[in-house]
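Novice: For reference, this is entry_3.cif, and it has mmCIF, C-alpha atoms.
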data_structure
loop_
_atom_site.label_atom_id
_atom_site.label_comp_id
_atom_site.auth_asym_id
_atom_site.auth_seq_id
_atom_site.Cartn_x
_atom_site.Cartn_y
_atom_site.Cartn_z
CA MET A 41 5.23 23.64 19.13
CA LYS A 42 3.77 20.50 17.52
CA VAL A 43 4.36 20.59 13.75
CA GLY A 44 3.32 18.17 11.02
CA LEU A 45 5.65 18.18 8.00
CA LEU A 46 3.99 16.63 4.93
CA THR A 47 5.84 15.37 1.87
CA ARG A 48 5.90 12.68 -0.78
CA GLU A 49 9.65 12.00 -0.64
CA TYR A 50 11.67 11.42 2.49
CA PRO A 51 14.87 9.44 3.13
CA PRO A 52 15.74 6.93 1.97
CA ASP A 53 13.36 7.61 -0.94
CA VAL A 54 14.59 11.02 -2.11
CA ARG A 55 14.84 11.53 -5.87
CA GLY A 56 14.29 15.24 -6.41
CA SER A 57 15.07 18.64 -4.99
CA ALA A 58 11.75 18.88 -3.11
CA GLY A 59 12.52 15.70 -1.19
CA ALA A 60 16.04 16.89 -0.40
CA HIS A 61 14.63 20.22 0.78
CA VAL A 62 12.29 18.48 3.24
CA GLU A 63 15.08 16.16 4.42
CA PHE A 64 17.34 19.00 5.51
CA LEU A 65 14.55 21.30 6.69
CA ALA A 66 13.28 18.51 8.97
CA ARG A 67 16.73 18.19 10.51
CA GLU A 68 16.70 21.89 11.39
CA LEU A 69 13.12 21.90 12.66
CA ARG A 70 13.67 18.95 15.00
CA ALA A 71 15.95 21.13 17.08
CA ARG A 72 13.20 23.75 17.41
CA THR A 73 9.86 21.89 17.40
CA ASP A 74 8.06 18.67 18.27
CA LEU A 75 8.19 17.49 14.65
CA GLU A 76 6.19 14.70 13.06
CA VAL A 77 6.97 13.90 9.40
CA HIS A 78 4.34 12.31 7.16
CA CYS A 79 5.52 10.88 3.85
CA TRP A 80 4.86 8.14 1.31
CA GLY A 81 5.99 4.58 1.92
CA GLU A 82 5.58 1.84 4.49
CA GLY A 83 6.59 1.53 8.14
CA GLU A 84 6.90 3.91 11.06
CA ALA A 85 9.65 5.27 13.27
CA GLU A 86 9.78 7.82 16.05
CA GLY A 87 8.51 11.11 14.64
CA LEU A 88 7.90 9.56 11.20
CA LEU A 89 4.70 8.12 9.70
CA ARG A 90 4.66 6.63 6.21
CA HIS A 91 1.48 6.29 4.16
CA ARG A 92 0.66 4.38 1.00
CA PRO A 93 -2.12 4.69 -1.58
CA ALA A 94 -5.36 2.92 -0.78
CA ASP A 95 -5.28 -0.73 -1.84
CA VAL A 96 -8.72 -0.46 -3.47
CA LEU A 97 -7.20 2.08 -5.91
CA ALA A 98 -4.46 -0.26 -7.13
CA GLY A 99 -5.55 0.09 -10.75
CA ALA A 100 -6.65 3.72 -10.62
CA ASP A 101 -4.99 6.81 -12.05
CA GLU A 102 -1.80 7.73 -10.20
CA ALA A 103 -3.11 11.19 -9.29
CA LEU A 104 -6.18 9.65 -7.67
CA ARG A 105 -3.93 7.30 -5.71
CA ALA A 106 -1.88 10.29 -4.59
CA LEU A 107 -4.98 11.99 -3.23
CA SER A 108 -5.83 8.87 -1.23
CA VAL A 109 -2.49 9.32 0.55
CA ASP A 110 -3.57 12.87 1.43
CA LEU A 111 -6.68 11.49 3.11
CA ALA A 112 -4.60 9.05 5.14
CA MET A 113 -2.19 11.80 6.21
CA ALA A 114 -4.99 14.17 7.23
CA ALA A 115 -6.55 11.47 9.42
CA GLU A 116 -3.31 11.16 11.41
CA LEU A 117 -2.63 14.87 11.99
CA ALA A 118 -4.91 15.39 14.99
CA GLY A 119 -2.99 17.07 17.78
CA ARG A 120 -0.58 18.98 15.55
CA GLU A 121 -0.64 22.75 16.10
CA LEU A 122 0.54 23.62 12.58
CA VAL A 123 1.00 21.68 9.34
CA HIS A 124 3.50 22.41 6.57
CA SER A 125 3.08 20.68 3.20
CA HIS A 126 5.44 20.41 0.24
CA THR A 127 4.29 20.00 -3.40
CA TRP A 128 0.80 19.15 -4.62
CA TYR A 129 1.29 15.53 -3.53
CA ALA A 130 0.88 16.57 0.11
CA GLY A 131 -0.85 19.94 -0.19
CA LEU A 132 -4.37 18.61 0.01
CA ALA A 133 -3.52 16.75 3.24
CA GLY A 134 -2.44 20.06 4.76
CA HIS A 135 -5.59 21.79 3.55
CA LEU A 136 -7.82 19.07 5.00
CA ALA A 137 -5.95 19.21 8.32
CA LYS A 138 -6.53 22.97 8.44
CA LEU A 139 -10.27 22.41 7.95
CA LEU A 140 -10.52 19.42 10.31
CA TYR A 141 -8.43 20.66 13.20
CA GLY A 142 -8.47 24.44 12.81
CA VAL A 143 -4.67 24.75 12.58
CA PRO A 144 -2.54 26.98 10.32
CA HIS A 145 -1.36 25.47 7.04
CA VAL A 146 1.92 26.49 5.40
CA VAL A 147 2.64 25.41 1.80
CA THR A 148 6.07 25.42 0.20
CA ALA A 149 5.75 25.42 -3.58
CA HIS A 150 8.59 23.61 -5.33
CA SER A 151 6.96 23.68 -8.76
CA LEU A 152 3.75 25.02 -10.28
CA GLU A 153 1.31 22.94 -12.30
CA PRO A 154 0.16 25.91 -14.47
CA LEU A 155 3.77 26.23 -15.69
CA ARG A 156 3.75 22.63 -16.93
CA PRO A 157 0.79 22.66 -19.36
CA TRP A 158 2.28 19.94 -21.57
CA LEU A 159 1.48 17.43 -18.80
CA ALA A 160 -2.16 17.71 -19.88
CA GLU A 161 -1.13 15.54 -22.84
CA GLU A 162 -0.73 12.55 -20.52
CA PRO A 163 -3.76 10.22 -20.52
CA GLY A 164 -6.04 9.69 -17.54
CA GLY A 165 -6.78 13.19 -16.33
CA GLY A 166 -4.07 13.23 -13.67
CA TYR A 167 -2.89 16.72 -14.57
CA ALA A 168 -6.36 18.14 -13.98
CA LEU A 169 -6.39 16.55 -10.52
CA SER A 170 -2.90 17.70 -9.60
CA GLY A 171 -3.73 21.24 -10.72
CA TRP A 172 -6.93 21.26 -8.65
CA ALA A 173 -5.09 19.95 -5.58
CA GLU A 174 -2.35 22.56 -5.92
CA ARG A 175 -4.78 25.46 -6.36
CA THR A 176 -6.90 24.33 -3.41
CA ALA A 177 -3.88 24.06 -1.12
CA LEU A 178 -2.23 27.33 -2.15
CA GLU A 179 -5.35 29.48 -2.14
CA GLY A 180 -6.47 28.08 1.21
CA ALA A 181 -3.10 28.30 2.96
CA ASP A 182 -2.26 30.70 5.76
CA ALA A 183 1.18 31.25 4.24
CA VAL A 184 2.88 30.20 1.03
CA VAL A 185 6.66 29.86 1.04
CA ALA A 186 8.48 30.63 -2.20
CA VAL A 187 12.03 29.26 -2.37
CA SER A 188 13.21 32.31 -4.37
CA HIS A 189 12.02 35.76 -5.37
CA GLY A 190 11.60 34.49 -8.92
CA MET A 191 9.36 31.71 -7.65
CA ARG A 192 7.30 34.24 -5.68
CA GLU A 193 6.64 36.17 -8.89
CA ASP A 194 5.61 32.95 -10.63
CA ILE A 195 3.25 31.98 -7.78
CA LEU A 196 1.49 35.34 -7.79
CA ALA A 197 1.19 35.29 -11.60
CA ALA A 198 -0.23 31.76 -11.64
CA TYR A 199 -2.56 32.33 -8.67
CA PRO A 200 -3.61 36.02 -8.65
CA ALA A 201 -6.24 35.34 -5.96
CA LEU A 202 -3.46 34.95 -3.38
CA ASP A 203 -2.75 37.79 -0.97
CA PRO A 204 0.81 38.93 -1.87
CA ASP A 205 1.56 39.49 1.82
CA ALA A 206 0.94 35.79 2.45
CA VAL A 207 3.63 34.70 -0.03
CA ARG A 208 7.01 34.75 1.74
CA VAL A 209 10.47 34.12 0.34
CA ILE A 210 12.66 31.66 2.24
CA HIS A 211 15.47 30.47 0.01
CA GLY A 212 16.31 26.79 0.00
CA GLY A 213 19.76 25.72 1.12
CA VAL A 214 22.58 23.23 0.72
CA ASP A 215 24.50 21.24 3.34
CA THR A 216 28.06 22.33 2.60
CA LEU A 217 29.51 19.78 5.03
CA LEU A 218 27.87 17.00 3.01
CA TYR A 219 28.18 18.60 -0.43
CA ARG A 220 31.89 19.30 -0.66
CA PRO A 221 34.61 18.26 -3.11
CA ASP A 222 35.15 14.49 -3.21
CA HIS A 223 37.95 13.46 -5.59
CA ASP A 224 37.31 9.71 -5.39
CA THR A 225 36.65 8.28 -8.87
CA GLU A 226 34.39 5.30 -8.10
CA ALA A 227 31.36 6.95 -9.69
CA LEU A 228 33.28 7.74 -12.88
CA GLU A 229 34.60 4.19 -13.12
CA ARG A 230 31.15 2.64 -12.67
CA ILE A 231 29.65 4.78 -15.42
CA GLY A 232 32.62 4.50 -17.77
CA ILE A 233 33.54 8.18 -17.83
CA ASP A 234 37.07 8.84 -19.09
CA PRO A 235 38.80 10.70 -16.23
CA GLU A 236 41.31 12.22 -18.65
CA ARG A 237 38.62 14.09 -20.57
CA PRO A 238 36.43 16.94 -19.26
CA PHE A 239 32.69 16.38 -19.03
CA ALA A 240 29.56 18.50 -18.82
CA LEU A 241 27.06 17.17 -16.29
CA PHE A 242 23.27 17.34 -16.00
CA ILE A 243 21.47 16.01 -12.92
CA GLY A 244 17.70 16.09 -12.65
CA ARG A 245 14.42 14.74 -13.93
CA VAL A 246 14.23 14.20 -17.65
CA ALA A 247 11.29 16.56 -18.07
CA ARG A 248 10.48 19.46 -20.36
CA GLU A 249 10.76 22.08 -17.63
CA LYS A 250 14.33 20.94 -16.95
CA GLY A 251 15.35 21.77 -20.52
CA VAL A 252 16.98 18.41 -21.27
CA HIS A 253 16.02 18.53 -24.94
CA HIS A 254 17.61 21.97 -25.25
CA LEU A 255 20.77 20.58 -23.68
CA LEU A 256 20.92 17.60 -26.02
CA ARG A 257 20.56 19.77 -29.10
CA ALA A 258 23.18 22.19 -27.77
CA ALA A 259 25.57 19.34 -26.91
CA ARG A 260 26.08 18.46 -30.54
CA MET A 261 28.34 21.52 -30.76
CA PHE A 262 30.17 21.16 -27.44
CA ASP A 263 33.95 20.99 -27.73
CA ALA A 264 34.88 17.69 -29.32
CA GLU A 265 37.07 16.64 -26.39
CA ALA A 266 34.25 17.00 -23.87
CA GLN A 267 32.02 14.20 -22.65
CA LEU A 268 28.35 14.58 -21.70
CA VAL A 269 26.85 12.90 -18.63
CA LEU A 270 23.09 12.87 -17.99
CA CYS A 271 21.84 11.61 -14.62
CA GLY A 272 18.09 11.46 -14.52
CA GLU A 273 15.01 9.44 -15.34
CA ALA A 274 11.87 10.42 -17.19
CA ARG A 275 8.66 10.61 -15.13
CA THR A 276 5.00 11.44 -15.66
CA ALA A 277 3.13 14.26 -13.90
CA THR A 278 2.40 11.90 -11.00
CA GLY A 279 5.96 10.64 -10.71
CA ALA A 280 5.60 7.31 -12.52
CA PRO A 281 8.68 6.35 -14.58
CA VAL A 282 8.21 6.35 -18.35
CA VAL A 283 10.25 5.60 -21.44
CA ASP A 284 10.83 9.00 -23.00
CA ALA A 285 11.09 8.19 -26.70
CA ARG A 286 11.92 11.76 -27.75
CA THR A 287 14.80 12.00 -25.27
CA ARG A 288 16.18 8.67 -26.46
CA GLU A 289 16.04 9.89 -30.06
CA LEU A 290 18.00 13.02 -29.14
CA VAL A 291 20.56 11.04 -27.11
CA ASP A 292 21.04 8.68 -30.05
CA ALA A 293 21.47 11.64 -32.40
CA VAL A 294 24.22 13.10 -30.19
CA ARG A 295 25.91 9.71 -29.92
CA ARG A 296 26.02 9.43 -33.71
CA GLU A 297 28.03 12.65 -33.84
CA ARG A 298 30.32 12.30 -30.81
CA ASP A 299 31.55 9.75 -28.29
CA GLY A 300 31.56 9.96 -24.52
CA VAL A 301 27.80 10.41 -24.08
CA HIS A 302 26.54 8.71 -20.90
CA TRP A 303 22.89 8.57 -19.77
CA VAL A 304 22.36 7.13 -16.29
CA THR A 305 18.65 6.48 -15.75
CA ARG A 306 18.89 4.65 -12.42
CA PRO A 307 19.00 6.70 -9.21
CA LEU A 308 22.55 7.09 -7.91
CA PRO A 309 23.41 7.25 -4.21
CA ARG A 310 24.31 10.71 -2.99
CA PRO A 311 28.05 10.00 -2.51
CA ARG A 312 28.39 9.10 -6.21
CA LEU A 313 26.47 12.19 -7.28
CA ILE A 314 28.84 14.30 -5.18
CA GLN A 315 31.81 12.69 -6.94
CA LEU A 316 30.28 13.52 -10.33
CA LEU A 317 29.58 17.09 -9.24
CA THR A 318 33.19 17.40 -8.08
CA HIS A 319 34.82 16.01 -11.24
CA ALA A 320 32.58 17.75 -13.80
CA ALA A 321 34.21 20.56 -15.74
CA VAL A 322 30.82 22.29 -15.75
CA VAL A 323 27.34 21.51 -14.42
CA VAL A 324 24.57 22.57 -16.81
CA CYS A 325 21.10 23.63 -15.63
CA PRO A 326 19.17 24.46 -18.83
CA SER A 327 15.75 24.73 -17.18
CA ARG A 328 12.71 26.38 -18.71
CA HIS A 329 11.34 26.87 -15.20
CA GLU A 330 13.30 26.52 -11.94
CA PRO A 331 11.97 27.53 -8.52
CA LEU A 332 15.45 27.77 -6.98
CA GLY A 333 18.18 25.69 -8.60
CA THR A 334 19.16 23.08 -6.02
CA VAL A 335 21.50 21.22 -8.39
CA ALA A 336 23.30 24.49 -9.14
CA LEU A 337 23.73 25.04 -5.39
CA GLU A 338 25.04 21.50 -4.92
CA ALA A 339 27.49 21.96 -7.79
CA MET A 340 28.75 25.23 -6.29
CA ALA A 341 29.18 23.57 -2.90
CA CYS A 342 31.31 20.92 -4.62
CA GLY A 343 33.48 23.62 -6.17
CA THR A 344 32.27 23.35 -9.77
CA ALA A 345 31.33 26.08 -12.25
CA VAL A 346 27.70 26.25 -13.38
CA VAL A 347 26.07 27.23 -16.67
CA ALA A 348 22.36 27.89 -16.16
CA SER A 349 19.39 29.45 -17.87
CA ALA A 350 18.42 32.78 -16.34
CA VAL A 351 14.97 31.69 -15.14
CA GLY A 352 13.19 31.47 -11.79
CA GLY A 353 15.57 31.34 -8.85
CA LEU A 354 18.73 30.48 -10.80
CA PRO A 355 19.90 34.14 -11.07
CA GLU A 356 19.64 34.29 -7.26
CA VAL A 357 21.92 31.26 -6.94
CA VAL A 358 24.45 31.67 -9.77
CA ASP A 359 26.45 34.89 -9.67
CA ASP A 360 26.89 35.50 -13.41
CA GLY A 361 30.55 35.76 -14.35
CA THR A 362 31.71 34.86 -10.84
CA THR A 363 30.36 31.41 -9.94
CA GLY A 364 29.24 30.51 -13.45
CA LEU A 365 27.43 31.85 -16.48
CA LEU A 366 23.74 32.65 -16.99
CA VAL A 367 22.07 32.26 -20.38
CA PRO A 368 18.86 34.22 -21.14
CA TYR A 369 16.02 31.83 -21.91
CA ASP A 370 13.96 32.57 -25.00
CA ILE A 371 10.90 30.36 -25.18
CA ASP A 372 9.97 31.67 -28.64
CA HIS A 373 13.43 31.16 -30.16
CA SER A 374 14.76 27.86 -28.81
CA GLU A 375 17.55 27.72 -31.40
CA ARG A 376 18.88 31.03 -30.11
CA PHE A 377 18.87 29.76 -26.54
CA GLU A 378 20.57 26.50 -27.52
CA ALA A 379 23.30 28.35 -29.42
CA ALA A 380 23.92 30.61 -26.42
CA LEU A 381 23.98 27.56 -24.14
CA THR A 382 26.61 25.93 -26.36
CA GLU A 383 28.70 29.09 -26.32
CA ALA A 384 28.55 29.40 -22.53
CA VAL A 385 29.47 25.74 -21.91
CA ASN A 386 32.36 25.97 -24.35
CA ARG A 387 33.62 29.13 -22.66
CA VAL A 388 33.95 27.20 -19.41
CA LEU A 389 35.42 24.11 -21.08
CA ASP A 390 37.99 26.18 -22.99
CA ASP A 391 39.27 28.04 -19.91
CA PRO A 392 40.00 25.54 -17.10
CA VAL A 393 41.74 28.19 -15.00
CA GLN A 394 38.67 30.40 -15.00
CA ALA A 395 36.48 27.36 -14.34
CA VAL A 396 38.49 26.60 -11.19
CA ARG A 397 38.10 30.22 -10.05
CA MET A 398 34.34 30.03 -10.60
CA GLY A 399 34.16 26.77 -8.68
CA ALA A 400 36.04 28.22 -5.71
CA ALA A 401 33.82 31.31 -5.71
CA GLY A 402 30.74 29.09 -5.87
CA ARG A 403 31.85 27.11 -2.86
CA GLN A 404 32.38 30.31 -0.88
CA ARG A 405 28.96 31.65 -1.90
CA ALA A 406 27.18 28.41 -0.96
CA VAL A 407 28.80 28.37 2.49
CA ARG A 408 28.19 32.06 3.12
CA GLU A 409 24.61 32.51 1.89
CA PHE A 410 22.76 29.20 1.67
CA GLY A 411 23.15 27.38 4.98
CA TRP A 412 20.25 25.26 6.21
CA ASP A 413 20.50 26.84 9.65
CA GLN A 414 19.27 30.10 8.11
CA VAL A 415 16.39 28.28 6.39
CA GLY A 416 15.35 26.57 9.63
CA ARG A 417 15.49 29.79 11.63
CA ARG A 418 13.37 31.73 9.16
CA THR A 419 10.84 28.91 8.79
CA PHE A 420 10.43 28.62 12.57
CA ALA A 421 9.94 32.40 12.80
CA LEU A 422 7.09 32.10 10.27
CA TYR A 423 5.48 29.35 12.37
CA GLU A 424 5.67 31.55 15.47
CA GLU A 425 4.07 34.43 13.58
CA LEU A 426 1.16 32.29 12.38
CA LEU A 427 0.54 30.68 15.76
CA GLY A 428 0.63 34.11 17.36
CA ARG A 429 -2.43 35.02 15.30
CA VAL A 430 -4.50 32.06 16.51
#
Just give me the structure of the file as structure tokens.
Specialist:
Amino acid sequence: MKVGLLTREYPPDVRGSAGAHVEFLARELRARTDLEVHCWGEGEAEGLLRHRPADVLAGADEALRALSVDLAMAAELAGRELVHSHTWYAGLAGHLAKLLYGVPHVVTAHSLEPLRPWLAEEPGGGYALSGWAERTALEGADAVVAVSHGMREDILAAYPALDPDAVRVIHGGVDTLLYRPDHDTEALERIGIDPERPFALFIGRVAREKGVHHLLRAARMFDAEAQLVLCGEARTATGAPVVDARTRELVDAVRRERDGVHWVTRPLPRPRLIQLLTHAAVVVCPSRHEPLGTVALEAMACGTAVVASAVGGLPEVVDDGTTGLLVPYDIDHSERFEAALTEAVNRVLDDPVQAVRMGAAGRQRAVREFGWDQVGRRTFALYEELLGRV
């Protein structure tokens, strides 16, 4: 079976959960298919083709440049028997390949543009283009993969024209041999984290859907002994880095009230992130929208308790009261959510024995239920089903 896997991010340029998902899925699919990965970047290797935006669009809107990559990908997909795209960045390439070569197109949705309406505030019209590309890919696909049951509900609500039978749930996974407790302290030393004090950790994009502003307001009332570590950079709808003035204001406000606040805006190598996940007293996922909750899974695999908002796929990852605590999200009463978030984080910080129990239970759950071998097997079965219809 000749499969084309289409993505923006691929090692060594992986910054988000979608890129990590493709990285580990590709590893599983290589054992089952003749796999060709198409991603952004320069250079080629066996089974890997990198594409870059058209040079003539050097000064154009980033979304338009992204669509030029889709054209380049589609032109190179001749001979593939099935294509599988991830995120709107690659979805149009899959749709065009379906039309050009008459092959099935599978889309995995890792986020949904209709659930990020505030991105329309960015200048240039990029959000309108990304929304059009996502709708075109999803509504034209032969199958849409949702990474959680919560995400499936969101997909069908955002795109009611989709056939519900075409939207399948295949949970994402975590490599528990890679993500496992690492008690080295190099990462803490480089950042300046006091190893004698507990810290709450956030890892992810500094974006509204990730709930960072909620976290920063809640953190003002975290236990005084606790530190706060933020690992993430702010980006536009098309992935361009930006200076997020509002986030900086909130970080400064927290720093005026407490010490031990660390914001790491540069990407950290995976081994250092694993050290942070291991040493954190609690990992906080305060998302407004979360397809699965990859960071929560990674934290659990590293043996750390999680506090998360009860949105999207997070309730399918975090076993409330066993591997962490879930906080109901109330979009109309943000102060209520932030107060509940503070209470939940402090409950974990104030009971280290229970936190250790939650971390151990999380590790067991990650190993038992979220292996990438299961993801690869179910994805390949979907490919076989679709090709059997041709």
Novice: Selection in question (the file shown): the PyMOL selection byres ((chain A and resi 219) around 8). Which residues does it include, as a list in words?
Specialist: Val214, Asp215, Thr216, Leu217, Leu218, Arg220, Pro221, Ile314, Glu338, Ala341 and Cys342 of chain A
Novice: Just want the 6 Å neighbourhood of range 238-241 of chain A, counted on all atoms listed in the file, with same-chain residues fewer than 4 positions away dropped. Output as a list in words.
Specialist: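 After dropping sequence-adjacent residues, the list is Ala266, Gln267, Leu268, Val269, Ala320, Ala321, Val322, Val323 and Val324 of chain A.
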Novice: Translate the PyMOL selection byres ((chain A and resi 348) around 10), as applied to the file shown, into an explicit residue set as a ChimeraX atom specification.
Specialist: /A:323-327,333,336,345-347,349-351,354-355,357-358,360,364-369,381,384-385
Novice: Evaluated on this file, the PyMOL selection byres ((chain A and resi 211) around 12) picks out some residues - which ones are they, written as a PyMOL selection string?
Specialist: chain A and resi 61+65+148-150+185-192+208-210+212-214+331-334+337+353-354+356-357+406+409-419
Novice: Find the residue from A:Pro235, A:Gly165, A:Gly399, A:Gly87 that sits nearest to Lys42 in chain A; use all atoms listed in the file when measuring.
Specialist: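 Among the listed residues, the smallest separation from Lys42 in chain A belongs to A:Gly87.
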Novice: What does the structure give for the distance between CA of Val396 in chain A and CA of Ala264 in chain A, in Å to one decimal?
Specialist: 20.5 Å
Novice: Go through A:Arg48, A:Val291, A:Ala100, A:Val43 and flag the residue nearest Leu117 in chain A, using all atoms listed in the file for the distances.
Specialist: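 Nearest to Leu117 in chain A: A:Val43.
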Novice: Rounded to one decimal, what separation in Å do you get between CA of Arg55 in chain A and CA of Leu313 in chain A?
Specialist: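 Between CA of Arg55 in chain A and CA of Leu313 in chain A the gap is 11.7 Å.
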Novice: Identify which of the residues A:Arg296, A:Pro307, A:Leu316, A:Glu330 lies closest to Leu152 in chain A, counting only C-alpha atoms when measuring atom-to-atom distances.
Specialist: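 Once distances to Leu152 in chain A are computed over only C-alpha atoms, the minimum belongs to A:Glu330.
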Novice: Measure the distance from CA of Ala133 in chain A to CA of Arg72 in chain A in Å and round it to one decimal.
Specialist: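 A separation of 23.0 Å between them.
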Novice: Take the point (14.2, 21.8, -15.3) as written in the file and pick out every residue within 8 Å of it, counting all atoms listed in the file; give the list as a PyMOL selection string.
Specialist: chain A and resi 244-252+325-330
Novice: Any chance you could export the current selection's C-alpha atoms as an mmCIF file, in the frame of the given file?
Specialist:
data_model
loop_
_atom_site.group_PDB
_atom_site.id
_atom_site.type_symbol
_atom_site.label_atom_id
_atom_site.label_comp_id
_atom_site.auth_asym_id
_atom_site.auth_seq_id
_atom_site.Cartn_x
_atom_site.Cartn_y
_atom_site.Cartn_z
ATOM 1 C CA GLY A 244 17.700 16.090 -12.650
ATOM 2 C CA ARG A 245 14.420 14.740 -13.930
ATOM 3 C CA VAL A 246 14.230 14.200 -17.650
ATOM 4 C CA ALA A 247 11.290 16.560 -18.070
ATOM 5 C CA ARG A 248 10.480 19.460 -20.360
ATOM 6 C CA GLU A 249 10.760 22.080 -17.630
ATOM 7 C CA LYS A 250 14.330 20.940 -16.950
ATOM 8 C CA GLY A 251 15.350 21.770 -20.520
ATOM 9 C CA VAL A 252 16.980 18.410 -21.270
ATOM 10 C CA CYS A 325 21.100 23.630 -15.630
ATOM 11 C CA PRO A 326 19.170 24.460 -18.830
ATOM 12 C CA SER A 327 15.750 24.730 -17.180
ATOM 13 C CA ARG A 328 12.710 26.380 -18.710
ATOM 14 C CA HIS A 329 11.340 26.870 -15.200
ATOM 15 C CA GLU A 330 13.300 26.520 -11.940
#
Novice: Considering all atoms listed in the file, state which residue in the set A:Val77, A:Ala421, A:Ala160, A:Ala173 is at the smallest distance from Tyr129 in chain A.
Specialist: A:Ala173
Novice: Fewer than 5 positions away in the same chain doesn't count, so skip those; otherwise give me all residues within 9 Å of Thr47 in chain A, counting all atoms listed in the file, as a list of chain:residue names.
Specialist: A:Ala58, A:Gly59, A:Val62, A:Val77, A:His78, A:Cys79, A:Trp80, A:His124, A:Ser125, A:His126, A:Thr127, A:Tyr129, A:Ala130, A:Gly131
Novice: Given all atoms listed in the file as the basis, pick out the residue of A:Leu45, A:Leu426, A:Leu111, A:Leu136 nearest to Glu76 in chain A.
Specialist: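 That would be A:Leu45, the residue with the smallest distance to Glu76 in chain A.
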Novice: Nearest to Val388 in chain A among A:Thr344, A:Ala115, A:Pro311, A:Glu63, with distances taken over only C-alpha atoms: which residue is it?
Specialist: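 Closest candidate: A:Thr344.
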Novice: Show which residues sit within 12 Å of Lys138 in chain A, as a PyMOL selection string. Count all atoms listed in the file, and ignore same-chain residues fewer than 2 positions away.
Specialist: chain A and resi 44+114-115+117-125+131-136+140-147+176-177+180-182
